[in-house]
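Q: There's a structure below that I have some questions on.
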Amino acid sequence: MNFTERVNKIEEMLNEDWFEMLETNEEEYEEWRGRLEDHAEQVIMYYDQENGVDVNSIDKLLQLNDEFPLLYGEDTVRLYIALIEARSEDKAVYDRYVDYLAAISDASHEQFLHFHTLVEAGRLEEARQLAPHMPQRLGLEE
(Lines give C-alpha, C1' and ligand atoms only; values in the text may rest on other atoms or scores of the structure.)
Protein backbone atom coordinates (compact mmCIF):
# COMPACT_ATOMS: atom_id res chain seq x y z
CA MET A 1 0.00 0.00 0.00
CA ASN A 2 1.48 3.39 -0.92
CA PHE A 3 1.35 6.65 1.04
CA THR A 4 -1.93 7.91 -0.42
CA GLU A 5 -3.65 4.54 -0.03
CA ARG A 6 -2.56 4.33 3.61
CA VAL A 7 -3.78 7.86 4.32
CA ASN A 8 -7.13 6.91 2.80
CA LYS A 9 -7.21 3.75 4.94
CA ILE A 10 -6.51 5.80 8.07
CA GLU A 11 -9.34 8.14 7.11
CA GLU A 12 -11.69 5.18 6.58
CA MET A 13 -10.76 3.71 9.95
CA LEU A 14 -11.33 7.02 11.71
CA ASN A 15 -14.80 7.16 10.15
CA GLU A 16 -15.65 3.85 11.81
CA ASP A 17 -17.62 3.93 15.03
CA TRP A 18 -14.45 3.64 17.13
CA PHE A 19 -15.77 5.64 20.09
CA GLU A 20 -18.64 3.21 20.63
CA MET A 21 -16.12 0.37 20.27
CA LEU A 22 -14.05 1.98 23.02
CA GLU A 23 -17.06 2.13 25.33
CA THR A 24 -18.47 -1.33 24.61
CA ASN A 25 -15.63 -3.63 23.58
CA GLU A 26 -12.20 -2.56 24.76
CA GLU A 27 -10.49 -5.61 23.23
CA GLU A 28 -11.94 -4.83 19.78
CA TYR A 29 -10.94 -1.18 20.21
CA GLU A 30 -7.36 -2.13 21.13
CA GLU A 31 -7.13 -4.33 18.02
CA TRP A 32 -8.53 -1.49 15.87
CA ARG A 33 -6.14 1.01 17.46
CA GLY A 34 -3.20 -1.35 16.81
CA ARG A 35 -4.10 -1.58 13.11
CA LEU A 36 -4.46 2.20 12.94
CA GLU A 37 -1.04 2.73 14.54
CA ASP A 38 0.48 0.20 12.11
CA HIS A 39 -0.88 2.22 9.20
CA ALA A 40 0.51 5.43 10.70
CA GLU A 41 3.92 3.81 11.18
CA GLN A 42 3.91 2.46 7.62
CA VAL A 43 2.83 5.77 6.11
CA ILE A 44 5.82 7.50 7.71
CA MET A 45 8.17 4.73 6.55
CA TYR A 46 6.83 5.11 3.03
CA TYR A 47 7.21 8.88 3.23
CA ASP A 48 10.86 8.43 4.21
CA GLN A 49 11.50 6.21 1.22
CA GLU A 50 9.67 8.22 -1.40
CA ASN A 51 10.16 11.66 -2.80
CA GLY A 52 7.21 13.24 -4.52
CA VAL A 53 4.54 12.01 -2.11
CA ASP A 54 1.21 13.62 -3.00
CA VAL A 55 0.92 16.95 -1.16
CA ASN A 56 -2.85 16.62 -0.80
CA SER A 57 -2.32 13.31 0.99
CA ILE A 58 0.18 14.97 3.34
CA ASP A 59 -2.37 17.68 4.06
CA LYS A 60 -5.12 15.13 4.66
CA LEU A 61 -2.87 13.12 6.99
CA LEU A 62 -2.03 16.24 9.03
CA GLN A 63 -5.71 17.15 9.29
CA LEU A 64 -6.57 13.62 10.40
CA ASN A 65 -3.71 13.76 12.89
CA ASP A 66 -5.19 16.94 14.38
CA GLU A 67 -8.41 15.03 15.04
CA PHE A 68 -6.85 11.78 16.26
CA PRO A 69 -3.13 12.09 17.01
CA LEU A 70 -1.17 9.15 15.65
CA LEU A 71 2.01 10.92 14.62
CA TYR A 72 4.13 12.90 17.01
CA GLY A 73 7.16 15.11 17.14
CA GLU A 74 9.65 14.85 14.34
CA ASP A 75 7.31 12.98 11.97
CA THR A 76 4.64 15.66 12.21
CA VAL A 77 7.16 18.48 11.87
CA ARG A 78 8.61 16.87 8.71
CA LEU A 79 5.16 16.65 7.18
CA TYR A 80 4.40 20.28 8.03
CA ILE A 81 7.71 21.39 6.53
CA ALA A 82 6.95 19.44 3.34
CA LEU A 83 3.51 21.04 3.16
CA ILE A 84 4.94 24.52 3.76
CA GLU A 85 7.49 23.98 1.00
CA ALA A 86 4.78 22.79 -1.39
CA ARG A 87 2.30 25.52 -0.48
CA SER A 88 4.63 28.33 0.51
CA GLU A 89 2.02 31.03 -0.20
CA ASP A 90 -0.79 29.37 1.78
CA LYS A 91 -1.01 31.21 5.10
CA ALA A 92 -3.43 28.60 6.47
CA VAL A 93 -0.63 25.99 6.42
CA TYR A 94 1.60 28.28 8.47
CA ASP A 95 -1.27 29.00 10.88
CA ARG A 96 -1.77 25.27 11.41
CA TYR A 97 1.97 24.80 11.99
CA VAL A 98 1.88 27.62 14.55
CA ASP A 99 -1.01 25.88 16.31
CA TYR A 100 0.92 22.61 16.33
CA LEU A 101 4.05 24.26 17.71
CA ALA A 102 1.99 25.99 20.39
CA ALA A 103 0.53 22.62 21.40
CA ILE A 104 3.90 20.90 21.78
CA SER A 105 6.00 23.74 23.18
CA ASP A 106 5.93 26.91 25.23
CA ALA A 107 3.74 29.42 23.38
CA SER A 108 5.34 32.24 25.36
CA HIS A 109 8.85 31.31 24.18
CA GLU A 110 10.59 34.24 22.46
CA GLN A 111 11.34 32.22 19.31
CA PHE A 112 7.76 31.00 19.06
CA LEU A 113 6.43 34.55 19.41
CA HIS A 114 8.81 35.75 16.70
CA PHE A 115 7.69 33.00 14.30
CA HIS A 116 4.04 33.63 15.12
CA THR A 117 4.51 37.35 14.47
CA LEU A 118 6.05 36.65 11.06
CA VAL A 119 3.10 34.47 10.10
CA GLU A 120 0.53 36.94 11.39
CA ALA A 121 2.22 39.77 9.48
CA GLY A 122 2.09 37.72 6.28
CA ARG A 123 5.88 37.55 6.02
CA LEU A 124 5.62 34.02 4.76
CA GLU A 125 8.98 33.82 2.99
CA GLU A 126 10.76 34.60 6.26
CA ALA A 127 8.50 32.17 8.10
CA ARG A 128 9.18 29.47 5.47
CA GLN A 129 12.91 29.80 6.00
CA LEU A 130 12.54 29.65 9.77
CA ALA A 131 9.93 26.84 9.91
CA PRO A 132 12.34 23.86 9.74
CA HIS A 133 14.42 25.28 12.58
CA MET A 134 11.58 25.97 14.98
CA PRO A 135 11.73 22.70 16.95
CA GLN A 136 15.42 23.27 17.70
CA ARG A 137 14.88 26.95 18.53
CA LEU A 138 12.09 25.96 20.90
CA GLY A 139 14.35 23.45 22.64
CA LEU A 140 12.38 20.44 21.40
CA GLU A 141 15.42 18.83 19.81
CA GLU A 142 19.17 19.16 20.06
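Within each chain, counting starts at residue 1; across the C-alpha coordinates, chains are named A, B, ... in the order shown, with ligands numbered 1 upward in that order.
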Among segment 14-125 of chain A, which residues carry a DSSP assignment of helix (DSSP H, G or I), reported as a PyMOL selection string?

A: chain A and resi 14-15+18-24+26-49+55-67+73-86+91-104+110-120+124-125

Q: Could you pull the residues within 12 Å of Asp106 of chain A, counting only C-alpha atoms, minus those fewer than 3 positions along the same chain, as JSON, numbers by chain?

A: {"A": [98, 99, 100, 101, 102, 103, 109, 110, 111, 112, 113, 134, 135, 137, 138, 139, 140]}

Q: Please, could you write that set of residues out with all heavy atoms as a short mmCIF file (atom, residue, chain, number, x, y, z; two decimals), in the first residue's frame?

A:
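As written to disk, again00.cif reads:
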```cif
data_model
loop_
_atom_site.label_atom_id
_atom_site.label_comp_id
_atom_site.auth_asym_id
_atom_site.auth_seq_id
_atom_site.Cartn_x
_atom_site.Cartn_y
_atom_site.Cartn_z
N VAL A 98 1.79 26.82 13.32
CA VAL A 98 1.88 27.62 14.55
C VAL A 98 1.05 26.96 15.65
O VAL A 98 1.51 26.82 16.78
CB VAL A 98 1.42 29.08 14.30
CG1 VAL A 98 1.14 29.81 15.60
CG2 VAL A 98 2.45 29.84 13.47
N ASP A 99 -0.16 26.54 15.32
CA ASP A 99 -1.01 25.88 16.31
C ASP A 99 -0.36 24.60 16.83
O ASP A 99 -0.40 24.32 18.03
CB ASP A 99 -2.38 25.54 15.71
CG ASP A 99 -3.24 26.76 15.45
OD1 ASP A 99 -2.92 27.86 15.97
OD2 ASP A 99 -4.22 26.63 14.69
N TYR A 100 0.25 23.84 15.91
CA TYR A 100 0.92 22.61 16.33
C TYR A 100 2.10 22.92 17.25
O TYR A 100 2.24 22.29 18.31
CB TYR A 100 1.39 21.81 15.10
CG TYR A 100 2.14 20.56 15.50
CD1 TYR A 100 1.46 19.48 16.04
CD2 TYR A 100 3.52 20.49 15.39
CE1 TYR A 100 2.14 18.34 16.44
CE2 TYR A 100 4.20 19.34 15.79
CZ TYR A 100 3.51 18.28 16.32
OH TYR A 100 4.18 17.17 16.73
N LEU A 101 2.90 23.89 16.86
CA LEU A 101 4.05 24.26 17.71
C LEU A 101 3.60 24.74 19.08
O LEU A 101 4.22 24.43 20.09
CB LEU A 101 4.90 25.33 17.02
CG LEU A 101 5.67 24.88 15.78
CD1 LEU A 101 6.35 26.07 15.12
CD2 LEU A 101 6.69 23.80 16.12
N ALA A 102 2.51 25.50 19.11
CA ALA A 102 1.99 25.99 20.39
C ALA A 102 1.55 24.82 21.27
O ALA A 102 1.70 24.86 22.50
CB ALA A 102 0.83 26.95 20.16
N ALA A 103 1.02 23.78 20.64
CA ALA A 103 0.53 22.62 21.40
C ALA A 103 1.67 21.79 21.98
O ALA A 103 1.50 21.16 23.03
CB ALA A 103 -0.35 21.75 20.51
N HIS A 109 7.43 31.32 24.50
CA HIS A 109 8.85 31.31 24.18
C HIS A 109 9.14 32.42 23.15
O HIS A 109 8.37 32.62 22.20
CB HIS A 109 9.23 29.94 23.61
CG HIS A 109 10.69 29.70 23.48
ND1 HIS A 109 11.46 30.30 22.50
CD2 HIS A 109 11.53 28.92 24.20
CE1 HIS A 109 12.71 29.90 22.62
NE2 HIS A 109 12.77 29.05 23.66
N GLU A 110 10.22 33.11 23.33
CA GLU A 110 10.59 34.24 22.46
C GLU A 110 10.65 33.82 20.99
O GLU A 110 10.16 34.55 20.11
CB GLU A 110 11.96 34.78 22.91
CG GLU A 110 12.47 35.92 22.08
CD GLU A 110 13.85 36.38 22.53
OE1 GLU A 110 14.19 36.24 23.72
OE2 GLU A 110 14.59 36.87 21.66
N GLN A 111 11.23 32.68 20.70
CA GLN A 111 11.34 32.22 19.31
C GLN A 111 9.97 31.88 18.71
O GLN A 111 9.72 32.16 17.54
CB GLN A 111 12.27 31.00 19.22
CG GLN A 111 13.71 31.31 19.53
CD GLN A 111 14.32 32.24 18.48
OE1 GLN A 111 14.11 32.07 17.28
NE2 GLN A 111 15.08 33.21 18.93
N PHE A 112 9.11 31.30 19.53
CA PHE A 112 7.76 31.00 19.06
C PHE A 112 7.03 32.29 18.73
O PHE A 112 6.39 32.41 17.69
CB PHE A 112 6.96 30.20 20.09
CG PHE A 112 5.53 30.01 19.69
CD1 PHE A 112 5.18 29.01 18.79
CD2 PHE A 112 4.54 30.86 20.16
CE1 PHE A 112 3.87 28.86 18.38
CE2 PHE A 112 3.23 30.71 19.76
CZ PHE A 112 2.89 29.71 18.87
N LEU A 113 7.12 33.26 19.63
CA LEU A 113 6.43 34.55 19.41
C LEU A 113 6.95 35.24 18.15
O LEU A 113 6.15 35.83 17.40
CB LEU A 113 6.59 35.44 20.64
CG LEU A 113 5.90 34.92 21.91
CD1 LEU A 113 6.25 35.80 23.10
CD2 LEU A 113 4.40 34.81 21.72
N MET A 134 12.36 25.64 13.79
CA MET A 134 11.58 25.97 14.98
C MET A 134 11.69 24.94 16.11
O MET A 134 11.84 25.32 17.26
CB MET A 134 10.11 26.24 14.60
CG MET A 134 9.92 27.57 13.89
SD MET A 134 10.62 29.00 14.79
CE MET A 134 9.69 28.93 16.31
N PRO A 135 11.61 23.64 15.83
CA PRO A 135 11.73 22.70 16.95
C PRO A 135 13.04 22.87 17.73
O PRO A 135 13.03 22.85 18.96
CB PRO A 135 11.66 21.34 16.26
CG PRO A 135 10.85 21.59 15.03
CD PRO A 135 11.27 22.95 14.58
N ARG A 137 14.90 25.64 17.86
CA ARG A 137 14.88 26.95 18.53
C ARG A 137 13.97 26.94 19.76
O ARG A 137 14.17 27.74 20.66
CB ARG A 137 14.43 28.02 17.55
CG ARG A 137 15.50 28.31 16.51
CD ARG A 137 15.08 29.39 15.57
NE ARG A 137 16.17 29.70 14.70
CZ ARG A 137 16.43 30.90 14.22
NH1 ARG A 137 15.62 31.91 14.53
NH2 ARG A 137 17.43 31.11 13.42
N LEU A 138 13.00 26.06 19.75
CA LEU A 138 12.09 25.96 20.90
C LEU A 138 12.59 24.95 21.94
O LEU A 138 11.92 24.71 22.93
CB LEU A 138 10.69 25.56 20.41
CG LEU A 138 9.99 26.60 19.55
CD1 LEU A 138 8.70 26.02 18.95
CD2 LEU A 138 9.71 27.86 20.33
N GLY A 139 13.77 24.39 21.69
CA GLY A 139 14.35 23.45 22.64
C GLY A 139 13.71 22.08 22.61
O GLY A 139 13.86 21.30 23.55
N LEU A 140 13.03 21.74 21.51
CA LEU A 140 12.38 20.44 21.40
C LEU A 140 13.31 19.36 20.89
O LEU A 140 13.03 18.18 21.00
CB LEU A 140 11.16 20.54 20.47
CG LEU A 140 10.08 21.51 20.94
CD1 LEU A 140 9.03 21.67 19.87
CD2 LEU A 140 9.46 21.03 22.25
#
```

Q: Looking at only C-alpha atoms, which of A:Asn56, A:Ser88, A:Asn65, A:Thr117 is the one that sits closest to Leu14 of chain A?

A: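 Among the listed residues, A:Asn65 lies closest to Leu14 of chain A.
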
Q: Between segment 62-129 of chain A and segment 34-40 of chain A, at 10 Å or less, what are the per-residue closest atom pairs and their distances in Å? Count only C-alpha atoms, order by chain and rising residue number, and return it as JSON lines.

A:
```
{"residue": "A:Asn65", "atom": "CA", "partner": "A:Ala40", "partner_atom": "CA", "distance": 9.6}
{"residue": "A:Pro69", "atom": "CA", "partner": "A:Ala40", "partner_atom": "CA", "distance": 9.9}
{"residue": "A:Leu70", "atom": "CA", "partner": "A:Ala40", "partner_atom": "CA", "distance": 6.4}
{"residue": "A:Leu71", "atom": "CA", "partner": "A:Ala40", "partner_atom": "CA", "distance": 6.9}
```

Q: Residues near segment 58-63 of chain A, anyone? I mean within 8 Å using only C-alpha atoms, not counting same-chain ones fewer than 5 positions away, as a VMD selection string.

A: chain A and resid 7 53 76 79 to 80 83

Q: Using N, CA, C and O atoms, can you write the selected residues to a file as a tab-separated table (two decimals), in the first residue's frame?

A:
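Full text of part-v1.tsv as output:
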```tsv
chain	number	residue	atom	x	y	z
A	7	VAL	N	-3.07	6.70	3.77
A	7	VAL	CA	-3.78	7.86	4.32
A	7	VAL	C	-5.29	7.66	4.17
A	7	VAL	O	-6.05	7.90	5.11
A	53	VAL	N	5.79	12.47	-2.69
A	53	VAL	CA	4.54	12.01	-2.11
A	53	VAL	C	3.49	13.10	-2.34
A	53	VAL	O	3.78	14.28	-2.24
A	76	THR	N	5.62	14.63	12.51
A	76	THR	CA	4.64	15.66	12.21
A	76	THR	C	5.32	16.92	11.70
A	76	THR	O	4.85	17.54	10.74
A	79	LEU	N	6.30	16.53	8.07
A	79	LEU	CA	5.16	16.65	7.18
A	79	LEU	C	4.73	18.11	7.03
A	79	LEU	O	4.41	18.55	5.93
A	80	TYR	N	4.73	18.85	8.13
A	80	TYR	CA	4.40	20.28	8.03
A	80	TYR	C	5.41	21.02	7.17
A	80	TYR	O	5.03	21.87	6.35
A	83	LEU	N	4.71	20.33	3.60
A	83	LEU	CA	3.51	21.04	3.16
A	83	LEU	C	3.79	22.53	2.99
A	83	LEU	O	3.33	23.14	2.02
```

Q: Looking at only C-alpha atoms, which of A:Glu141, A:Glu23, A:Glu5, A:Glu89 is the one that sits closest to Arg128 of chain A?

A: A:Glu89

Q: Taking only C-alpha atoms into account, which of A:Phe115, A:Trp32, A:Tyr72, A:Phe3 comes nearest Val55 of chain A?

A: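 Looking only at the distances to Val55 of chain A, the closest residue turns out to be A:Phe3.
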
Q: Could you please determine the separation between atom CA of Ile10 of chain A and atom CA of Tyr47 of chain A in Å, to one decimal place?

A: 14.9 Å

Q: Identify, on the basis of only C-alpha atoms, every residue whose closest approach to Leu118 of chain A does not exceed 12 Å; exclude the query and any residue fewer than 6 positions from it along the same chain; express the result as a PyMOL selection string.

A: chain A and resi 91+94-95+98+111-112+124-131

Q: Only N, CA and C atoms, please: the residues just picked out, written as a PDB file, in the first residue's frame.

A:
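Full text of again-v2.pdb as output:
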```pdb
ATOM      1  N   LYS A  91      -1.143  30.798   3.700  1.00  0.00           N
ATOM      2  CA  LYS A  91      -1.007  31.212   5.099  1.00  0.00           C
ATOM      3  C   LYS A  91      -1.675  30.213   6.051  1.00  0.00           C
ATOM      4  N   TYR A  94       0.753  27.710   7.425  1.00  0.00           N
ATOM      5  CA  TYR A  94       1.601  28.284   8.474  1.00  0.00           C
ATOM      6  C   TYR A  94       0.812  28.417   9.783  1.00  0.00           C
ATOM      7  N   ASP A  95      -0.437  28.859   9.677  1.00  0.00           N
ATOM      8  CA  ASP A  95      -1.269  28.997  10.876  1.00  0.00           C
ATOM      9  C   ASP A  95      -1.432  27.656  11.584  1.00  0.00           C
ATOM     10  N   VAL A  98       1.789  26.822  13.316  1.00  0.00           N
ATOM     11  CA  VAL A  98       1.879  27.624  14.546  1.00  0.00           C
ATOM     12  C   VAL A  98       1.054  26.961  15.645  1.00  0.00           C
ATOM     13  N   GLN A 111      11.226  32.676  20.697  1.00  0.00           N
ATOM     14  CA  GLN A 111      11.340  32.218  19.309  1.00  0.00           C
ATOM     15  C   GLN A 111       9.972  31.882  18.708  1.00  0.00           C
ATOM     16  N   PHE A 112       9.112  31.296  19.528  1.00  0.00           N
ATOM     17  CA  PHE A 112       7.759  31.000  19.060  1.00  0.00           C
ATOM     18  C   PHE A 112       7.028  32.295  18.735  1.00  0.00           C
ATOM     19  N   LEU A 124       5.568  35.464   4.904  1.00  0.00           N
ATOM     20  CA  LEU A 124       5.617  34.017   4.763  1.00  0.00           C
ATOM     21  C   LEU A 124       6.964  33.505   4.266  1.00  0.00           C
ATOM     22  N   GLU A 125       7.663  34.275   3.461  1.00  0.00           N
ATOM     23  CA  GLU A 125       8.978  33.821   2.991  1.00  0.00           C
ATOM     24  C   GLU A 125       9.939  33.709   4.169  1.00  0.00           C
ATOM     25  N   GLU A 126       9.911  34.674   5.061  1.00  0.00           N
ATOM     26  CA  GLU A 126      10.764  34.603   6.262  1.00  0.00           C
ATOM     27  C   GLU A 126      10.328  33.440   7.151  1.00  0.00           C
ATOM     28  N   ALA A 127       9.022  33.265   7.290  1.00  0.00           N
ATOM     29  CA  ALA A 127       8.496  32.167   8.103  1.00  0.00           C
ATOM     30  C   ALA A 127       8.868  30.817   7.486  1.00  0.00           C
ATOM     31  N   ARG A 128       8.833  30.731   6.142  1.00  0.00           N
ATOM     32  CA  ARG A 128       9.184  29.472   5.466  1.00  0.00           C
ATOM     33  C   ARG A 128      10.632  29.095   5.757  1.00  0.00           C
ATOM     34  N   GLN A 129      11.502  30.070   5.739  1.00  0.00           N
ATOM     35  CA  GLN A 129      12.915  29.797   5.998  1.00  0.00           C
ATOM     36  C   GLN A 129      13.154  29.392   7.452  1.00  0.00           C
ATOM     37  N   LEU A 130      12.371  29.920   8.340  1.00  0.00           N
ATOM     38  CA  LEU A 130      12.535  29.652   9.768  1.00  0.00           C
ATOM     39  C   LEU A 130      11.838  28.359  10.208  1.00  0.00           C
ATOM     40  N   ALA A 131      10.787  27.969   9.504  1.00  0.00           N
ATOM     41  CA  ALA A 131       9.935  26.837   9.907  1.00  0.00           C
ATOM     42  C   ALA A 131      10.708  25.557  10.244  1.00  0.00           C
TER      43      ALA A 131
END
```

Q: Would you mind reading off the distance between atom CA of Glu20 of chain A and atom CA of Arg6 of chain A, one decimal, in Å?

A: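 Spanning atom CA of Glu20 of chain A to atom CA of Arg6 of chain A is a straight-line distance of 23.4 Å.
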
Q: Atom CA of Gln136 of chain A to atom CA of Tyr97 of chain A: how many Å, to one decimal?

A: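 Separation between atom CA of Gln136 of chain A and atom CA of Tyr97 of chain A: 14.7 Å.
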
Q: Can you work out which one of A:His114, A:Gly122, A:Met21, A:Gln42 has the shortest atom-to-atom distance to Thr4 of chain A, counting only C-alpha atoms?

A: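 For Thr4 of chain A, the nearest of the candidates is A:Gln42.
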
Q: Can you work out which one of A:Asp48, A:Glu11, A:Asp17, A:Glu120 has the shortest atom-to-atom distance to Ala82 of chain A, counting only C-alpha atoms?

A: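 Comparing A:Asp48, A:Glu11, A:Asp17, A:Glu120 against Ala82 of chain A, the winner is A:Asp48.
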